[in-house]
$ cat entry_4.csv   # CSV, C-alpha atoms
chain,number,residue,atom,x,y,z
A,77,MET,CA,2.7,25.9,-21.7
A,78,LEU,CA,5.5,25.0,-19.1
A,79,LYS,CA,4.0,23.6,-16.0
A,80,LEU,CA,5.8,25.2,-13.0
A,81,MET,CA,4.7,24.0,-9.6
A,82,GLN,CA,1.0,24.4,-10.4
A,83,ARG,CA,-0.2,21.2,-8.9
A,84,PRO,CA,1.1,18.0,-7.3
A,85,GLY,CA,1.9,15.0,-9.5
A,86,LYS,CA,5.1,14.2,-11.2
A,87,ARG,CA,8.0,16.5,-10.4
A,88,LEU,CA,11.5,16.9,-11.9
A,89,ILE,CA,14.0,18.5,-9.5
A,90,VAL,CA,17.3,19.9,-10.7
A,91,PHE,CA,20.1,20.3,-8.2
A,92,THR,CA,22.7,23.0,-9.0
A,93,ARG,CA,24.6,25.9,-7.5
A,94,TYR,CA,25.2,29.5,-8.3
A,95,PRO,CA,28.3,29.6,-10.6
A,96,GLU,CA,30.6,31.6,-8.2
A,97,PRO,CA,34.3,31.2,-9.1
A,98,GLY,CA,36.1,29.2,-6.4
A,99,ARG,CA,32.9,27.5,-5.2
A,100,ALA,CA,31.6,25.8,-8.4
A,101,LYS,CA,33.1,22.6,-9.8
A,102,THR,CA,36.0,23.0,-7.4
A,103,ARG,CA,37.6,19.6,-8.4
A,104,LEU,CA,38.1,21.1,-11.9
A,105,ILE,CA,39.9,24.2,-10.8
A,106,PRO,CA,43.4,22.6,-11.1
A,107,ALA,CA,42.6,22.0,-14.8
A,108,LEU,CA,40.4,25.0,-15.7
A,109,GLY,CA,41.1,27.6,-13.1
A,110,ALA,CA,38.4,29.0,-10.8
A,111,GLU,CA,36.8,31.2,-13.6
A,112,GLY,CA,36.9,28.4,-16.1
A,113,ALA,CA,35.4,25.8,-13.7
A,114,ALA,CA,32.6,28.2,-12.8
A,115,ASP,CA,31.9,28.9,-16.5
A,116,LEU,CA,31.7,25.2,-17.3
A,117,HIS,CA,29.3,24.7,-14.4
A,118,ARG,CA,27.2,27.6,-15.8
A,119,ARG,CA,27.0,26.1,-19.2
A,120,LEU,CA,26.2,22.6,-17.9
A,121,THR,CA,23.4,24.0,-15.8
A,122,GLU,CA,21.9,25.9,-18.7
A,123,ARG,CA,22.1,22.9,-20.9
A,124,THR,CA,20.4,20.7,-18.3
A,125,LEU,CA,17.6,23.2,-17.7
A,126,ALA,CA,17.0,23.4,-21.4
A,127,THR,CA,16.6,19.7,-21.5
A,128,ALA,CA,14.3,19.7,-18.5
A,129,ARG,CA,12.1,22.5,-20.0
A,130,ARG,CA,11.7,20.6,-23.2
A,131,LEU,CA,10.3,17.6,-21.3
A,132,ALA,CA,8.1,19.8,-19.2
A,133,THR,CA,6.5,21.3,-22.2
A,134,LEU,CA,5.6,17.8,-23.5
A,135,ARG,CA,4.5,16.0,-20.3
A,136,ARG,CA,2.4,16.9,-17.3
A,137,LEU,CA,5.1,17.5,-14.7
A,138,THR,CA,6.4,20.3,-12.6
A,139,LEU,CA,9.9,21.6,-12.6
A,140,GLU,CA,11.8,22.7,-9.5
A,141,VAL,CA,15.4,24.1,-9.2
A,142,ARG,CA,17.1,23.6,-5.9
A,143,TYR,CA,20.2,25.7,-5.6
A,144,ALA,CA,23.2,26.1,-3.3
A,145,GLY,CA,25.2,29.3,-3.1
A,146,GLY,CA,23.9,32.7,-4.1
A,147,ASP,CA,20.3,33.5,-3.4
A,148,ALA,CA,17.0,33.6,-5.2
A,149,ALA,CA,17.6,37.0,-6.7
A,150,LEU,CA,21.0,36.0,-8.2
A,151,MET,CA,19.5,32.7,-9.5
A,152,ARG,CA,16.6,34.5,-11.2
A,153,GLN,CA,19.1,37.0,-12.7
A,154,TRP,CA,21.0,34.1,-14.1
A,155,LEU,CA,18.3,31.7,-15.2
A,156,GLY,CA,15.3,34.0,-15.7
A,157,ASN,CA,11.9,34.3,-14.1
A,158,GLY,CA,9.3,31.6,-14.2
A,159,LEU,CA,11.3,28.9,-12.4
A,160,HIS,CA,10.3,27.6,-9.0
A,161,LEU,CA,13.4,28.0,-6.9
A,162,ARG,CA,14.3,26.6,-3.5
A,163,ALA,CA,17.5,26.6,-1.5
A,164,GLN,CA,19.0,23.2,-1.0
A,165,GLY,CA,19.4,23.8,2.7
A,166,ASP,CA,22.1,22.4,5.0
A,167,GLY,CA,23.8,19.1,5.4
A,168,ASP,CA,25.6,16.8,3.1
A,169,LEU,CA,24.4,15.9,-0.4
A,170,GLY,CA,22.4,13.0,0.9
A,171,SER,CA,20.6,15.1,3.5
A,172,ARG,CA,19.7,17.7,0.9
A,173,MET,CA,18.4,15.1,-1.6
A,174,ARG,CA,16.5,13.3,1.1
A,175,GLU,CA,14.8,16.6,2.1
A,176,ALA,CA,13.9,17.4,-1.5
A,177,PHE,CA,12.2,14.1,-1.9
A,178,ARG,CA,10.4,14.4,1.5
A,179,GLU,CA,9.0,17.8,0.7
A,180,ALA,CA,7.9,16.7,-2.8
A,181,PHE,CA,5.9,13.7,-1.5
A,182,GLU,CA,4.5,15.7,1.4
A,183,GLU,CA,3.2,18.2,-1.2
A,184,GLY,CA,1.3,15.4,-3.0
A,185,CYS,CA,3.7,14.2,-5.7
A,186,TYR,CA,3.5,10.6,-6.7
A,187,GLY,CA,6.6,10.4,-8.9
A,188,VAL,CA,9.8,12.4,-8.4
A,189,VAL,CA,13.0,12.4,-10.4
A,190,LEU,CA,16.1,14.3,-9.3
A,191,ILE,CA,19.1,15.1,-11.4
A,192,GLY,CA,22.3,17.1,-11.2
A,193,THR,CA,23.8,19.2,-13.9
A,194,ASP,CA,27.1,17.3,-14.5
A,195,CYS,CA,25.8,15.0,-17.2
A,196,PRO,CA,25.7,16.8,-20.6
A,197,ALA,CA,24.5,13.6,-22.4
A,198,ILE,CA,21.2,13.5,-20.5
A,199,ALA,CA,18.3,14.0,-22.9
A,200,PRO,CA,14.5,14.4,-22.7
A,201,ALA,CA,14.1,10.8,-23.6
A,202,THR,CA,16.3,9.8,-20.7
A,203,LEU,CA,14.1,11.8,-18.3
A,204,LEU,CA,11.0,10.4,-19.9
A,205,SER,CA,12.3,6.8,-19.4
A,206,ALA,CA,12.9,7.5,-15.7
A,207,PHE,CA,9.3,8.7,-15.2
A,208,THR,CA,7.9,5.8,-17.2
A,209,ALA,CA,10.0,3.3,-15.1
A,210,LEU,CA,8.4,4.6,-11.9
A,211,GLY,CA,5.1,3.2,-13.1
A,212,ASP,CA,6.4,-0.3,-12.3
A,213,ASN,CA,9.3,0.4,-9.9
A,214,GLU,CA,9.8,2.1,-6.6
A,215,LEU,CA,13.3,3.3,-7.6
A,216,VAL,CA,15.0,4.3,-10.8
A,217,ILE,CA,18.7,5.2,-11.2
A,218,GLY,CA,20.8,6.6,-14.0
A,219,PRO,CA,24.3,5.1,-13.3
A,220,ALA,CA,27.3,7.2,-14.1
A,221,ARG,CA,30.5,5.6,-15.3
A,222,ASP,CA,32.4,7.0,-12.3
A,223,GLY,CA,30.5,4.8,-9.9
A,224,GLY,CA,27.9,7.4,-8.9
A,225,TYR,CA,24.6,8.2,-10.5
A,226,TYR,CA,23.3,11.2,-12.5
A,227,LEU,CA,19.6,10.6,-11.8
A,228,ILE,CA,17.5,9.1,-9.1
A,229,GLY,CA,13.7,8.7,-9.1
A,230,LEU,CA,11.3,7.6,-6.4
A,231,ARG,CA,7.6,6.8,-6.2
A,232,ARG,CA,7.6,7.4,-2.4
A,233,ALA,CA,10.1,8.7,0.2
A,234,ILE,CA,12.8,6.2,1.0
A,235,PRO,CA,15.2,8.1,3.3
A,236,GLN,CA,17.5,5.1,3.9
A,237,LEU,CA,18.8,5.5,0.3
A,238,PHE,CA,20.6,8.8,1.3
A,239,GLU,CA,22.1,7.8,4.6
A,240,ASP,CA,25.7,6.8,5.4
A,241,LEU,CA,27.1,7.1,1.9
A,242,ASN,CA,30.5,8.4,0.9
A,243,TRP,CA,29.3,11.0,-1.6
A,244,GLY,CA,31.6,11.8,-4.4
A,245,THR,CA,33.3,8.4,-4.4
A,246,ASP,CA,33.0,5.5,-6.8
A,247,SER,CA,31.1,3.4,-4.3
A,248,VAL,CA,27.9,5.5,-4.3
A,249,LEU,CA,26.0,3.4,-6.9
A,250,ARG,CA,27.1,0.1,-5.4
A,251,HIS,CA,26.1,1.0,-1.9
A,252,THR,CA,22.8,2.5,-3.1
A,253,LEU,CA,21.9,-0.8,-4.8
A,254,GLN,CA,22.9,-2.7,-1.7
A,255,ILE,CA,20.4,-0.6,0.3
A,256,ALA,CA,17.8,-1.2,-2.3
A,257,ALA,CA,18.3,-4.9,-2.2
A,258,HIS,CA,18.2,-4.9,1.6
A,259,LEU,CA,14.9,-3.0,1.5
A,260,ASP,CA,13.6,-5.4,-1.2
A,261,LEU,CA,12.9,-2.5,-3.6
A,262,ARG,CA,11.8,-2.9,-7.2
A,263,TYR,CA,14.2,-0.8,-9.2
A,264,ARG,CA,15.4,-0.2,-12.8
A,265,LEU,CA,18.7,1.1,-14.1
A,266,LEU,CA,18.8,3.4,-17.0
A,267,GLU,CA,21.6,3.8,-19.5
A,268,GLN,CA,25.1,4.5,-18.2
A,269,LEU,CA,26.3,8.0,-18.9
A,270,ASP,CA,29.4,10.1,-18.2
A,271,ASP,CA,29.6,12.8,-15.5
A,272,ILE,CA,32.0,15.7,-15.7
A,273,ASP,CA,33.4,16.0,-12.2
A,274,ARG,CA,37.2,15.7,-12.4
A,275,PRO,CA,39.9,16.8,-14.8
A,276,GLU,CA,40.1,13.3,-16.3
A,277,ASP,CA,36.4,13.6,-17.3
A,278,LEU,CA,37.1,16.6,-19.5
A,279,PRO,CA,37.2,16.0,-23.3
A,280,SER,CA,40.7,15.7,-24.6

$ encode --input "entry_4.csv" --output "structure tokens"
Amino acid sequence: MLKLMQRPGKRLIVFTRYPEPGRAKTRLIPALGAEGAADLHRRLTERTLATARRLATLRRLTLEVRYAGGDAALMRQWLGNGLHLRAQGDGDLGSRMREAFREAFEEGCYGVVLIGTDCPAIAPATLLSAFTALGDNELVIGPARDGGYYLIGLRRAIPQLFEDLNWGTDSVLRHTLQIAAHLDLRYRLLEQLDDIDRPEDLPS
């Protein structure tokens, strides 16, 4: 049975947004139009959640969806009941991620992995590798080919990892690793995968 926020422990957090045309995947609107970009975001989210649910049925972990846009009723109408939903809150991406980790660890979690929904190649084995890596590392990162990352996992709250970064640029991974080195963190990099963020990322 799917474990949904029943107890502290390991937690998988999925960041997404309600697929409202004009507000979802805005950098893809020039190529796909507002409706097409929102539809792609919808499909990517549903694919990612299916992957997350498969892992949650096999491992003792909780699954949480943090959303932007819309509201809890619209999210349940879209994704169904049985999901633990939380609004992402205010601030830039780093602030919202930092808050998600802070709350998870304050609630008793000891291993937390956070992913977005822009990486269609992510698989249950990728997520399992991230949780396994947290056994020996304080930080695990799934690097994206565009210079960002599609996954980040922590064994404890490390707010410095989310401060003063230029989110959405090709320097995010490099600067994150610089912060990790400065803090003398033990970390592991997972396999490099593609994100779908910009028109050039779309399949030809």

$ closest_atom_pairs --input "entry_4.csv" --of "stretch 77-118 of chain A" --to "stretch 275-279 of chain A" --cutoff "12 Å" --atoms "only C-alpha atoms" --output "tab-separated table"
residue	atom	partner	partner_atom	distance
A:Lys101	CA	A:Pro275	CA	10.2
A:Thr102	CA	A:Pro275	CA	10.4
A:Arg103	CA	A:Pro275	CA	7.4
A:Leu104	CA	A:Pro275	CA	5.5
A:Ile105	CA	A:Pro275	CA	8.4
A:Pro106	CA	A:Pro275	CA	7.7
A:Ala107	CA	A:Pro275	CA	5.9
A:Leu108	CA	A:Pro275	CA	8.3
A:Gly109	CA	A:Pro275	CA	11.0
A:Ala113	CA	A:Pro275	CA	10.1
A:Leu116	CA	A:Leu278	CA	10.4

$ closest_residue --input "entry_4.csv" --among "A:Ala220, A:Ile198, A:Ala206, A:Leu227" --to "A:Asp271" --atoms "all atoms listed in the file"
A:Ala220

$ closest_residue --input "entry_4.csv" --among "A:Ala128, A:Val216, A:Ala209, A:Ile255" --to "A:Gly229" --atoms "only C-alpha atoms"
A:Val216

$ closest_residue --input "entry_4.csv" --among "A:Leu155, A:Leu131, A:Val90, A:Leu269" --to "A:Tyr143" --atoms "all atoms listed in the file"
A:Val90

$ closest_residue --input "entry_4.csv" --among "A:Glu140, A:Glu111, A:Asp240, A:Glu267" --to "A:Glu179" --atoms "only C-alpha atoms"
A:Glu140

$ residues_near_point --input "entry_4.csv" --point "(21.5, 6.9, -10.6)" --cutoff "8 Å" --atoms "all atoms listed in the file" --output "list in words"
Val216, Ile217, Gly218, Pro219, Ala220, Gly224, Tyr225, Tyr226, Leu227, Ile228, Leu249, Leu265 and Leu266 of chain A

$ write_last_selection --input "entry_4.csv" --atoms "C-alpha atoms" --output "short mmCIF file (atom, residue, chain, number, x, y, z; two decimals), in the coordinates of the input"
data_model
loop_
_atom_site.label_atom_id
_atom_site.label_comp_id
_atom_site.auth_asym_id
_atom_site.auth_seq_id
_atom_site.Cartn_x
_atom_site.Cartn_y
_atom_site.Cartn_z
CA VAL A 216 15.00 4.30 -10.80
CA ILE A 217 18.70 5.20 -11.20
CA GLY A 218 20.80 6.60 -14.00
CA PRO A 219 24.30 5.10 -13.30
CA ALA A 220 27.30 7.20 -14.10
CA GLY A 224 27.90 7.40 -8.90
CA TYR A 225 24.60 8.20 -10.50
CA TYR A 226 23.30 11.20 -12.50
CA LEU A 227 19.60 10.60 -11.80
CA ILE A 228 17.50 9.10 -9.10
CA LEU A 249 26.00 3.40 -6.90
CA LEU A 265 18.70 1.10 -14.10
CA LEU A 266 18.80 3.40 -17.00
#

$ residues_near_point --input "entry_4.csv" --point "(27.3, 25.0, -12.3)" --cutoff "12 Å" --atoms "only C-alpha atoms" --output "number ranges by chain"
A: 90-102, 104, 110-125, 143-146, 151, 154-155, 192-196, 272-273

$ closest_residue --input "entry_4.csv" --among "A:Arg87, A:Arg172, A:Arg178, A:Arg221" --to "A:Ala233" --atoms "only C-alpha atoms"
A:Arg178

$ atom_distance --input "entry_4.csv" --atom1 "atom CA of A:Leu210" --atom2 "atom CA of A:Arg231"
6.2 Å

$ closest_residue --input "entry_4.csv" --among "A:Gly85, A:Gly167, A:Gly158, A:Gly211" --to "A:Tyr263" --atoms "all atoms listed in the file"
A:Gly211

$ atom_distance --input "entry_4.csv" --atom1 "atom CA of A:Leu230" --atom2 "atom CA of A:Glu214"
5.7 Å

$ atom_distance --input "entry_4.csv" --atom1 "atom CA of A:Arg136" --atom2 "atom CA of A:Lys86"
7.2 Å

$ residues_around --input "entry_4.csv" --residues "A:Arg142" --least-positions-apart "4" --cutoff "6 Å" --atoms "only C-alpha atoms" --output "PDB file with C-alpha atoms, in the frame of the given file"
ATOM      1  CA  PHE A  91      20.100  20.300  -8.200  1.00  0.00           C
ATOM      2  CA  LEU A 161      13.400  28.000  -6.900  1.00  0.00           C
ATOM      3  CA  ARG A 162      14.300  26.600  -3.500  1.00  0.00           C
ATOM      4  CA  ALA A 163      17.500  26.600  -1.500  1.00  0.00           C
ATOM      5  CA  GLN A 164      19.000  23.200  -1.000  1.00  0.00           C
TER       6      GLN A 164
END

$ residues_around --input "entry_4.csv" --residues "A:Thr245" --least-positions-apart "4" --cutoff "9 Å" --atoms "all atoms listed in the file" --output "ChimeraX atom specification"
/A:222-224,241

$ residues_around --input "entry_4.csv" --residues "A:Gln254" --least-positions-apart "4" --cutoff "12 Å" --atoms "only C-alpha atoms" --output "VMD selection string"
chain A and resid 236 to 237 241 247 to 250 258 to 261 263

$ residues_around --input "entry_4.csv" --residues "A:Pro235" --least-positions-apart "5" --cutoff "9 Å" --atoms "only C-alpha atoms" --output "compact mmCIF listing (two decimals) with C-alpha atoms, in the coordinates of the input"
# COMPACT_ATOMS: atom_id res chain seq x y z
CA SER A 171 20.60 15.10 3.50
CA ARG A 174 16.50 13.30 1.10
CA GLU A 175 14.80 16.60 2.10
CA PHE A 177 12.20 14.10 -1.90
CA ARG A 178 10.40 14.40 1.50
